[in-house]
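Below you'll find the structure, written out as structure tokens, and then a few comments.
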Amino acid sequence: MARYIVKSLLQMIPVLLLISLIVFILVRVTGDPVALMLPESASEADRVALTAALGLDKPLLVQYGIFLADALQGDFGTSFHYGQSSLPLVLERLPASFELAAAAMALAVLLAVPLGILSAVKRNTVLDLLISGVSVIGKAMPNFWMGIMLILLFSVYLGYFPVSGRGGFDHLILPAVTLGVGLAAQMTRLIRSSMLEILSQDYIRTARSKGLSELVVVGSHAFRNGLIPVVTILTLQFTSLIGGTLITETVFAWPGLGQLLVTSVNNHDMAIVQAAVFVIAIIVILGNLLTDIVYRLLDPRIKYS
Amino acid sequence: MAHPADSTNDAGPADVRVAAAARRKPGSWTRLLRSLIRSKTGAVGALIVVTVVLLAALAPLLAPHDPADVEPLQRLKPPVWMEGGLPGHLLGTDNLGRDILSRIVYGAQVSLLVGIGAVLVSGAVGAVLGLVSGYFGGWINALIMRVADAFLAIPTILLMLVVLAVVGPGLTTLIFVIGFTNWVPYARVVRGEVLSIKERDFVKAAQAVGARSGRILYKHILPNIISSFIVISGMSVATTIILEASLSFLGLGITSPDVSWGGMLSDGRSYVATSWWVATFPGIAITVTVLGVIFLGDWLRDVLDPRMKERA
């Protein structure tokens, strides 16, 4: 197990290098940072001096080396909008994003697991059709639109929850529902089909023919094996959770990493964009590793190769 | 509603089905149509998609107003059935006095252009990389799959944000950005299919008689992966339409004077407290369109590749 984790962590390195290369190339073609930083009236001598000071006169390969060395030390440059080093700015937004993502994921699991199982057990009944119908609509609905509609209904007309921002528990409800329902819609469909596959297997028929109650058959025999695909499904949802957080944070003015990233992209504040991309990529890779480990713990048949 | 996962999984080998599909020439259309009507959701999906295509194609004839026509005196007028609504503006007007119905009709153009255009780009890139990676294997396969892993490690929307931050928004940009960031699923599926097809006798035979790799890929392997290719494309059109709307909502996709449903939602968000209709109708347009594409795509999958049902 330890060997597997070490190996996976080592495999992160080429992926991160590739991401760094993509970011480096993108940032270098963004346009001339010197022109952005200097006033219109700057002289040619100022321009040359600043270009040299920023290291932009060196060969591209050397520039990439410097960029990598700085990145390893956590230095992604100074945000010209905030006038501070960009990495701390990005990191201080993380708790808000984690809070939202965790709440949404918890809600999605609470909704999707029982609904997916129910839908599979009561296959082809009105209940199943209803659950499947609602989850297809949930999948088709852009989550930012659902966020706006929730604001319209629960904040504007009913006045139950605040319109935007982060604060107490009441601030969390609408963003978490917005993000969680979309995830739940996708997960319900996947859980339903994986449960259907398990319910059609021989050992389930044996359990039924032994005269066990449906509750025991589904709850104990089927569910335990059904958990493995559910964990896989959670892994698959992890990246779409992060993507969804970006948009949901913008809709609700939630002060997380996503909102910072979107405003920085709009401001062309590349130092923050670089730092945010690295932080998110590392979170995604670590998250995938973590779910992979849980997956292997649940199913002893999988070898740590 | 028919459940994709429910019907029996009686799929034969992929090449047998594709051969059968190729054999039924003229009469096959009637049979296809009959199967479409039999699948109720498929028929509803087709109806929605055809309607959206017609709206987009005939927008200049169908839209009652110029979508960019700003009328400051008629800003934020409610739909016609509400008090204060104007007879000429069925779904009301937005914050600049533009007609919402006309903007929705024109917005269909952008949704379809980006949805189909981006899928064509990512399909082409993914198919070529998947073919090459699966057929040749070796270091080129390793390289392509590592790049694919890196792409999967970053949420696509994040990658697009960075690229759009660099190159700026716009219709063509958006098609290529979405196209170039979404090739991974195609490459993986195509690679998987190629790996199994290249071991079959007809490919071995072609190799034995000395056919060049390019010819084998094009003549013998490509026709056999078409059906799984169409199936993934159907599903990606739906996600791409939502993606375009999301990016335009964030101000990074389509910008004025082009009309996008996502952009309309972004306008409407600021007025949601007073004028609900500005943000409501474009959202309905997106949801219904995506629903139609999903239904049609599910039907296509059932017809072309019954094995995919289990993986969905």
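By order in the structure tokens, chains are A, B, ...; within a chain, residues start at 1; ligands start at 1, following the order shown.
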
> Near Thr181 of chain B, counting only C-alpha atoms, which residues have an atom at most 9 Å away, once you skip same-chain residues fewer than 4 positions from it, shown as a PyMOL selection string?
Replying inline: chain B and resi 122+151+156-157+159-160+176-177

> Could you name the residues that touch Ala59 of chain B at 9 Å or less, counting only C-alpha atoms, but leaving out those on the same chain fewer than 6 positions away, as number ranges by chain?
Replying inline: B: 102, 105-106, 108-109

>> Based on only C-alpha atoms, which of the residues in chain A come within 8 Å of chain B? I want them as a ChimeraX atom specification.
In response: /A:15-16,18-19,26-27,29-31,129,133,136-137,140-142,144-145,148-149,152,156,190,193,239-240,242-243,247,250,262,265-266,268,273,277,280-281,284-285

> What residues in segment 50-265 of chain A get the DSSP label helix (DSSP H, G or I)? Please answer as a PyMOL selection string.
Replying inline: chain A and resi 50-53+60-72+86-91+94-121+126-140+143-157+169-199+202-209+214-251+257-265

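Proximity to Met145 of chain B was assessed for B:Leu217, B:Val119, B:Leu113, B:Ala187 counting only C-alpha atoms; the smallest distance is recorded for B:Ala187.
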
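Residues lying within 8 Å of segment 83-99 of chain A, counting only C-alpha atoms and ignoring same-chain neighbours fewer than 6 positions away, are A:Gly74, A:Asp75, A:Phe76, A:Gly77, A:Arg166, A:Thr245, A:Trp254, A:Pro255, A:Gly256, A:Leu257, A:Gly258, A:Leu260, A:Ala271, A:Ile272, A:Ala275, A:Ala276, A:Val279.
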